[in-house]
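Reading through the structure tokens given below for one structure.
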Amino acid sequence: MKIKQLFLNPFEEFSERKLFFAGTIGFLLSSYFVYLSGEQFNGFMHFYRPEIAVSFVAVLRVHAYMILAPLALLYIVGLILYTKTRLIDVLNVMLIVPFPLYLMLLLGKLINQDKFTNEIDEALKNGDHTLSSIDKGQMILFGVFGILALFLLFYQFYLLVKGMNVAVNNKKIWISILFVALYFILDVGIQFYF
């Protein structure tokens with residue numbers, strides 16, 4: 001197995017058991033990390049900081065919804081498109097797809113995103129619209145982080161397409177676009193519920 005292939009299409013490289021194991025471990029670890037960070041899931045692709053602290057069980061419950069909602073939708077659509085679609089294949093996709101998001105959250109916490117945001121907010125409140133009081137090195141670091149976050153978001157959709165293509169034996173571009181559109185629409189809808 002080549003490292004390049006691991007990132008290009010892990011769904012073809014690993015068995016369903018290995019994907020399920022890695023996805024489950026990632027699900028549990030990311031839920032714990034989200035709990036420690038004080039954040040909560042607010043959709044498939046983002047987090048928010050609730051006003052009151054949430055329990056680990058609450059984080060797990062919401063995180064499970066964030067896996068089960070697209071699983072149900074994409075599995076049903078997969079069955080319509082390809083009757084041999086297996087639940088385990090779609091479940092593995094839903095467990096692996098958020099990995100770039102987890103990395104984004106971790107990187108955001110490592111570079112102290114909240115502190116930087118507060119510094120910018122204070123500078124703007126004090127009338128410093130050119131942000132001259134903000135460290136330029138830190139601004140560059142956050143610019144690089146923003147570019148990396150966009151890349152990771154794109155990679156998340158790439159994994160969704162690759163995984164669902166394997167799950168439903170798809171070779172058509174319009175079906176890949178349909179999966180991304182359904183995932184995105186469901187994410188927007190779920191934000192109103194959570």
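Starting from 1 in every chain, residues are counted up; chains themselves are A, B, ... following the order of the structure tokens, and ligands are numbered from 1 as listed.
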*Residues at most 9 Å from stretch 67-69 of chain A, counting only C-alpha atoms, excluding those fewer than 5 positions away in the same chain, as a PyMOL selection string?*
chain A and resi 44+62+74+91+94-95+186+190
Filtering to C-alpha atoms, could you give me those residues as an mmCIF file, in the first residue's frame?
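Everything below was put into out32.cif:
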```cif
data_model
loop_
_atom_site.group_PDB
_atom_site.id
_atom_site.type_symbol
_atom_site.label_atom_id
_atom_site.label_comp_id
_atom_site.auth_asym_id
_atom_site.auth_seq_id
_atom_site.Cartn_x
_atom_site.Cartn_y
_atom_site.Cartn_z
ATOM 1 C CA PHE A 44 -21.577 17.835 9.738
ATOM 2 C CA VAL A 62 -25.303 14.825 18.881
ATOM 3 C CA LEU A 74 -27.302 8.395 1.550
ATOM 4 C CA LEU A 91 -21.538 3.640 7.413
ATOM 5 C CA MET A 94 -19.921 8.461 7.164
ATOM 6 C CA LEU A 95 -17.384 7.510 9.855
ATOM 7 C CA LEU A 186 -28.934 17.933 4.976
ATOM 8 C CA ILE A 190 -29.717 20.015 10.584
#
```
*Determine which residues of chain A DSSP labels as strand (DSSP E or B) from the backbone of this structure, then write them out as a ChimeraX atom specification.*
/A:40-41,47-48
How close does stretch 78-104 of chain A get to stretch 8-22 of chain A? List, as CSV, each residue of stretch 78-104 of chain A within 9 Å, its nearest atom pair and the distance in Å to one decimal, counting only C-alpha atoms.
```
residue,atom,partner,partner_atom,distance
A:Ile88,CA,A:Glu16,CA,7.2
A:Asp89,CA,A:Glu16,CA,6.9
A:Leu91,CA,A:Phe20,CA,7.8
A:Asn92,CA,A:Phe20,CA,5.5
A:Val93,CA,A:Phe11,CA,7.8
A:Leu95,CA,A:Phe20,CA,7.4
A:Ile96,CA,A:Leu19,CA,7.4
```
File of the preceding selection, N, CA and C atoms, as a PDB file, in the first residue's frame:
```
ATOM      1  N   ILE A  88     -22.894  -1.313   5.649  1.00  0.00           N
ATOM      2  CA  ILE A  88     -21.554  -1.167   6.235  1.00  0.00           C
ATOM      3  C   ILE A  88     -20.675  -0.254   5.377  1.00  0.00           C
ATOM      4  N   ASP A  89     -20.827  -0.301   4.059  1.00  0.00           N
ATOM      5  CA  ASP A  89     -20.019   0.561   3.187  1.00  0.00           C
ATOM      6  C   ASP A  89     -20.379   2.035   3.381  1.00  0.00           C
ATOM      7  N   LEU A  91     -21.912   3.292   6.036  1.00  0.00           N
ATOM      8  CA  LEU A  91     -21.538   3.640   7.413  1.00  0.00           C
ATOM      9  C   LEU A  91     -20.053   3.982   7.502  1.00  0.00           C
ATOM     10  N   ASN A  92     -19.208   3.195   6.855  1.00  0.00           N
ATOM     11  CA  ASN A  92     -17.770   3.481   6.864  1.00  0.00           C
ATOM     12  C   ASN A  92     -17.471   4.833   6.233  1.00  0.00           C
ATOM     13  N   VAL A  93     -18.183   5.166   5.173  1.00  0.00           N
ATOM     14  CA  VAL A  93     -17.993   6.484   4.543  1.00  0.00           C
ATOM     15  C   VAL A  93     -18.346   7.582   5.544  1.00  0.00           C
ATOM     16  N   LEU A  95     -18.331   7.470   8.733  1.00  0.00           N
ATOM     17  CA  LEU A  95     -17.384   7.510   9.855  1.00  0.00           C
ATOM     18  C   LEU A  95     -16.034   8.102   9.450  1.00  0.00           C
ATOM     19  N   ILE A  96     -15.611   7.898   8.201  1.00  0.00           N
ATOM     20  CA  ILE A  96     -14.295   8.356   7.753  1.00  0.00           C
ATOM     21  C   ILE A  96     -14.334   9.789   7.219  1.00  0.00           C
TER      22      ILE A  96
END
```
*Please provide the set of residues having any atom within 9 Å of stretch 156-161 of chain A, restricted to only C-alpha atoms, with same-chain residues fewer than 2 positions apart removed, written as a ChimeraX atom specification.*
/A:7-11,45,93-94,96-101,151-154,163-166,176-177,179-180,183
Write the residues of the preceding selection, restricted to N, CA and C atoms, as an mmCIF file, in the first residue's frame.
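Generated output (result_26.cif):
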```
data_model
loop_
_atom_site.group_PDB
_atom_site.id
_atom_site.type_symbol
_atom_site.label_atom_id
_atom_site.label_comp_id
_atom_site.auth_asym_id
_atom_site.auth_seq_id
_atom_site.Cartn_x
_atom_site.Cartn_y
_atom_site.Cartn_z
ATOM 1 N N PHE A 7 -4.397 8.295 0.981
ATOM 2 C CA PHE A 7 -5.097 9.567 1.025
ATOM 3 C C PHE A 7 -6.025 9.772 -0.166
ATOM 4 N N LEU A 8 -5.682 9.177 -1.301
ATOM 5 C CA LEU A 8 -6.524 9.353 -2.484
ATOM 6 C C LEU A 8 -7.825 8.565 -2.392
ATOM 7 N N ASN A 9 -7.765 7.340 -1.890
ATOM 8 C CA ASN A 9 -8.991 6.557 -1.763
ATOM 9 C C ASN A 9 -8.826 5.455 -0.722
ATOM 10 N N PRO A 10 -8.987 5.795 0.556
ATOM 11 C CA PRO A 10 -8.843 4.778 1.591
ATOM 12 C C PRO A 10 -9.918 3.695 1.516
ATOM 13 N N PHE A 11 -11.014 3.978 0.836
ATOM 14 C CA PHE A 11 -12.122 3.026 0.765
ATOM 15 C C PHE A 11 -11.805 1.830 -0.126
ATOM 16 N N MET A 45 -20.229 19.805 9.348
ATOM 17 C CA MET A 45 -18.979 20.462 8.966
ATOM 18 C C MET A 45 -18.550 21.577 9.898
ATOM 19 N N VAL A 93 -18.183 5.166 5.173
ATOM 20 C CA VAL A 93 -17.993 6.484 4.543
ATOM 21 C C VAL A 93 -18.346 7.582 5.544
ATOM 22 N N MET A 94 -19.484 7.432 6.225
ATOM 23 C CA MET A 94 -19.921 8.461 7.164
ATOM 24 C C MET A 94 -18.998 8.562 8.377
ATOM 25 N N ILE A 96 -15.611 7.898 8.201
ATOM 26 C CA ILE A 96 -14.295 8.356 7.753
ATOM 27 C C ILE A 96 -14.334 9.789 7.219
ATOM 28 N N VAL A 97 -15.426 10.174 6.576
ATOM 29 C CA VAL A 97 -15.521 11.505 5.947
ATOM 30 C C VAL A 97 -15.207 12.661 6.901
ATOM 31 N N PRO A 98 -15.627 12.637 8.169
ATOM 32 C CA PRO A 98 -15.353 13.800 9.036
ATOM 33 C C PRO A 98 -13.911 13.922 9.528
ATOM 34 N N PHE A 99 -13.023 12.986 9.214
ATOM 35 C CA PHE A 99 -11.646 13.065 9.715
ATOM 36 C C PHE A 99 -10.970 14.402 9.411
ATOM 37 N N PRO A 100 -11.109 14.969 8.198
ATOM 38 C CA PRO A 100 -10.502 16.296 7.976
ATOM 39 C C PRO A 100 -11.071 17.365 8.903
ATOM 40 N N LEU A 101 -12.353 17.270 9.215
ATOM 41 C CA LEU A 101 -12.968 18.222 10.145
ATOM 42 C C LEU A 101 -12.363 18.098 11.534
ATOM 43 N N PHE A 151 -8.796 23.703 2.300
ATOM 44 C CA PHE A 151 -8.320 22.468 1.683
ATOM 45 C C PHE A 151 -8.925 21.253 2.380
ATOM 46 N N LEU A 152 -8.953 21.261 3.719
ATOM 47 C CA LEU A 152 -9.507 20.124 4.464
ATOM 48 C C LEU A 152 -11.010 19.977 4.225
ATOM 49 N N LEU A 153 -11.713 21.088 4.074
ATOM 50 C CA LEU A 153 -13.138 21.023 3.760
ATOM 51 C C LEU A 153 -13.345 20.401 2.376
ATOM 52 N N PHE A 154 -12.535 20.828 1.422
ATOM 53 C CA PHE A 154 -12.592 20.243 0.081
ATOM 54 C C PHE A 154 -12.266 18.749 0.154
ATOM 55 N N GLY A 163 -15.813 7.636 -1.346
ATOM 56 C CA GLY A 163 -16.418 6.578 -0.556
ATOM 57 C C GLY A 163 -17.775 6.155 -1.092
ATOM 58 N N MET A 164 -18.620 7.117 -1.432
ATOM 59 C CA MET A 164 -19.939 6.770 -1.951
ATOM 60 C C MET A 164 -19.841 6.147 -3.341
ATOM 61 N N ASN A 165 -18.849 6.557 -4.131
ATOM 62 C CA ASN A 165 -18.657 5.915 -5.430
ATOM 63 C C ASN A 165 -18.328 4.435 -5.262
ATOM 64 N N VAL A 166 -17.521 4.109 -4.271
ATOM 65 C CA VAL A 166 -17.208 2.711 -3.987
ATOM 66 C C VAL A 166 -18.447 2.002 -3.452
ATOM 67 N N SER A 176 -22.176 11.668 -8.264
ATOM 68 C CA SER A 176 -21.247 12.219 -7.268
ATOM 69 C C SER A 176 -21.698 13.599 -6.823
ATOM 70 N N ILE A 177 -22.122 14.423 -7.775
ATOM 71 C CA ILE A 177 -22.630 15.762 -7.454
ATOM 72 C C ILE A 177 -23.884 15.653 -6.594
ATOM 73 N N PHE A 179 -24.609 13.286 -4.427
ATOM 74 C CA PHE A 179 -24.218 12.940 -3.053
ATOM 75 C C PHE A 179 -23.732 14.162 -2.287
ATOM 76 N N VAL A 180 -22.910 14.974 -2.923
ATOM 77 C CA VAL A 180 -22.398 16.185 -2.264
ATOM 78 C C VAL A 180 -23.546 17.153 -1.979
ATOM 79 N N TYR A 183 -25.680 15.852 0.919
ATOM 80 C CA TYR A 183 -24.935 15.992 2.176
ATOM 81 C C TYR A 183 -24.973 17.444 2.650
#
```
*Using only C-alpha atoms, determine which residues lie at most 12 Å from stretch 107-121 of chain A, disregarding the query and same-chain residues fewer than 5 positions distant; provide the list as number ranges by chain.*
A: 33-34, 36-39, 46-49, 100-102, 126-146, 148-149, 152
Residues from the last selection, N, CA, C and O atoms, saved as a short mmCIF file (atom, residue, chain, number, x, y, z; two decimals), in the first residue's frame:
```cif
data_model
loop_
_atom_site.label_atom_id
_atom_site.label_comp_id
_atom_site.auth_asym_id
_atom_site.auth_seq_id
_atom_site.Cartn_x
_atom_site.Cartn_y
_atom_site.Cartn_z
N PHE A 33 -12.57 14.84 22.32
CA PHE A 33 -11.85 16.08 22.10
C PHE A 33 -12.80 17.26 22.01
O PHE A 33 -12.54 18.34 22.55
N VAL A 34 -13.93 17.08 21.31
CA VAL A 34 -14.93 18.14 21.22
C VAL A 34 -15.46 18.47 22.61
O VAL A 34 -15.62 19.63 22.97
N LEU A 36 -13.84 18.06 25.49
CA LEU A 36 -12.79 18.77 26.23
C LEU A 36 -12.65 20.22 25.78
O LEU A 36 -12.32 21.09 26.58
N SER A 37 -12.89 20.46 24.49
CA SER A 37 -12.72 21.82 23.97
C SER A 37 -13.90 22.73 24.33
O SER A 37 -13.83 23.93 24.11
N GLY A 38 -14.97 22.14 24.85
CA GLY A 38 -16.14 22.94 25.19
C GLY A 38 -17.03 23.24 24.00
O GLY A 38 -17.97 24.02 24.11
N GLU A 39 -16.73 22.64 22.87
CA GLU A 39 -17.51 22.86 21.66
C GLU A 39 -18.64 21.84 21.59
O GLU A 39 -18.73 20.92 22.40
N HIS A 46 -19.17 21.70 11.07
CA HIS A 46 -18.78 22.81 11.95
C HIS A 46 -19.22 22.56 13.38
O HIS A 46 -19.99 21.67 13.67
N PHE A 47 -18.69 23.42 14.23
CA PHE A 47 -18.93 23.34 15.66
C PHE A 47 -19.36 24.72 16.16
O PHE A 47 -19.21 25.70 15.46
N TYR A 48 -19.85 24.76 17.36
CA TYR A 48 -20.12 26.03 18.02
C TYR A 48 -19.85 25.84 19.51
O TYR A 48 -19.73 24.73 20.01
N ARG A 49 -19.73 26.95 20.21
CA ARG A 49 -19.49 26.91 21.65
C ARG A 49 -20.80 27.26 22.36
O ARG A 49 -21.23 28.41 22.34
N PRO A 100 -11.11 14.97 8.20
CA PRO A 100 -10.50 16.30 7.98
C PRO A 100 -11.07 17.37 8.90
O PRO A 100 -10.34 18.25 9.34
N LEU A 101 -12.35 17.27 9.21
CA LEU A 101 -12.97 18.22 10.15
C LEU A 101 -12.36 18.10 11.53
O LEU A 101 -12.10 19.10 12.20
N TYR A 102 -12.13 16.87 11.97
CA TYR A 102 -11.51 16.66 13.28
C TYR A 102 -10.12 17.27 13.32
O TYR A 102 -9.72 17.89 14.31
N ASN A 126 -11.78 49.00 19.53
CA ASN A 126 -10.96 50.15 19.92
C ASN A 126 -10.67 51.07 18.74
O ASN A 126 -9.88 52.01 18.86
N GLY A 127 -11.25 50.79 17.58
CA GLY A 127 -11.07 51.67 16.42
C GLY A 127 -9.87 51.34 15.56
O GLY A 127 -9.55 52.09 14.65
N ASP A 128 -9.17 50.26 15.81
CA ASP A 128 -8.00 49.86 15.02
C ASP A 128 -8.46 49.03 13.82
O ASP A 128 -8.33 47.81 13.79
N HIS A 129 -8.98 49.73 12.80
CA HIS A 129 -9.54 49.03 11.64
C HIS A 129 -8.46 48.49 10.70
O HIS A 129 -8.76 47.67 9.83
N THR A 130 -7.23 48.92 10.87
CA THR A 130 -6.13 48.37 10.07
C THR A 130 -5.46 47.20 10.78
O THR A 130 -4.56 46.58 10.23
N LEU A 131 -5.90 46.92 11.98
CA LEU A 131 -5.36 45.82 12.81
C LEU A 131 -3.86 45.94 13.04
O LEU A 131 -3.14 44.94 13.09
N SER A 132 -3.39 47.17 13.18
CA SER A 132 -1.96 47.39 13.39
C SER A 132 -1.49 46.88 14.75
O SER A 132 -0.30 46.63 14.95
N SER A 133 -2.42 46.71 15.69
CA SER A 133 -2.02 46.22 17.02
C SER A 133 -1.92 44.70 17.08
O SER A 133 -1.47 44.15 18.08
N ILE A 134 -2.28 44.03 16.01
CA ILE A 134 -2.23 42.56 15.96
C ILE A 134 -0.89 42.13 15.38
O ILE A 134 -0.42 42.70 14.39
N ASP A 135 -0.29 41.13 16.00
CA ASP A 135 0.99 40.59 15.55
C ASP A 135 0.87 40.06 14.12
O ASP A 135 0.00 39.23 13.83
N LYS A 136 1.74 40.55 13.24
CA LYS A 136 1.67 40.16 11.82
C LYS A 136 1.99 38.68 11.63
O LYS A 136 1.41 38.03 10.76
N GLY A 137 2.89 38.15 12.42
CA GLY A 137 3.21 36.73 12.32
C GLY A 137 2.00 35.87 12.64
O GLY A 137 1.75 34.85 11.99
N GLN A 138 1.25 36.31 13.64
CA GLN A 138 0.04 35.56 14.01
C GLN A 138 -1.02 35.68 12.92
O GLN A 138 -1.74 34.72 12.64
N MET A 139 -1.09 36.84 12.28
CA MET A 139 -2.05 37.01 11.19
C MET A 139 -1.69 36.10 10.02
O MET A 139 -2.58 35.50 9.40
N ILE A 140 -0.41 35.97 9.73
CA ILE A 140 0.03 35.07 8.65
C ILE A 140 -0.29 33.62 9.02
O ILE A 140 -0.79 32.86 8.19
N LEU A 141 -0.04 33.26 10.28
CA LEU A 141 -0.34 31.91 10.74
C LEU A 141 -1.83 31.60 10.56
O LEU A 141 -2.19 30.52 10.07
N PHE A 142 -2.68 32.55 10.91
CA PHE A 142 -4.11 32.31 10.75
C PHE A 142 -4.54 32.34 9.30
O PHE A 142 -5.51 31.68 8.92
N GLY A 143 -3.85 33.09 8.47
CA GLY A 143 -4.13 33.05 7.03
C GLY A 143 -3.81 31.68 6.45
O GLY A 143 -4.59 31.12 5.67
N VAL A 144 -2.66 31.13 6.86
CA VAL A 144 -2.28 29.79 6.42
C VAL A 144 -3.28 28.76 6.95
O VAL A 144 -3.70 27.84 6.24
N PHE A 145 -3.70 28.95 8.21
CA PHE A 145 -4.71 28.05 8.78
C PHE A 145 -6.01 28.11 7.98
O PHE A 145 -6.65 27.09 7.73
N GLY A 146 -6.42 29.29 7.57
CA GLY A 146 -7.64 29.44 6.78
C GLY A 146 -7.55 28.72 5.46
O GLY A 146 -8.50 28.05 5.03
N LEU A 148 -5.55 26.18 4.80
CA LEU A 148 -5.53 24.75 5.13
C LEU A 148 -6.94 24.26 5.47
O LEU A 148 -7.34 23.16 5.07
N ALA A 149 -7.72 25.07 6.18
CA ALA A 149 -9.09 24.69 6.53
C ALA A 149 -9.94 24.53 5.27
O ALA A 149 -10.74 23.59 5.17
N LEU A 152 -8.95 21.26 3.72
CA LEU A 152 -9.51 20.12 4.46
C LEU A 152 -11.01 19.98 4.22
O LEU A 152 -11.52 18.85 4.14
#
```
*From a DSSP calculation on the backbone, collect every residue of chain A in alpha helix (DSSP H) and output the set as JSON, numbers by chain.*
{"A": [3, 4, 5, 6, 7, 8, 10, 11, 12, 13, 16, 17, 18, 19, 20, 21, 22, 23, 24, 25, 26, 27, 28, 29, 30, 31, 32, 33, 34, 35, 36, 37, 56, 57, 58, 59, 60, 61, 62, 63, 64, 65, 66, 67, 68, 69, 70, 71, 72, 73, 74, 75, 76, 77, 78, 79, 80, 81, 87, 88, 89, 90, 91, 92, 93, 94, 95, 96, 99, 100, 101, 102, 103, 104, 105, 106, 107, 108, 109, 110, 113, 114, 115, 116, 117, 118, 119, 120, 121, 122, 123, 124, 125, 136, 137, 138, 139, 140, 141, 142, 143, 144, 145, 146, 147, 148, 149, 150, 151, 152, 153, 154, 155, 156, 157, 158, 159, 160, 161, 162, 163, 164, 165, 166, 167, 173, 174, 175, 176, 177, 178, 179, 180, 181, 182, 183, 184, 185, 186, 187, 188, 189, 190, 191, 192, 193]}
*Interatomic distance (Å, one decimal) between atom CA of A:Phe27 and atom CA of A:His63*: 8.0 Å
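Proximity to A:Leu150 was assessed for A:Ile76, A:Ala58, A:Met104, A:Pro70 counting only C-alpha atoms; the smallest distance is recorded for A:Met104.
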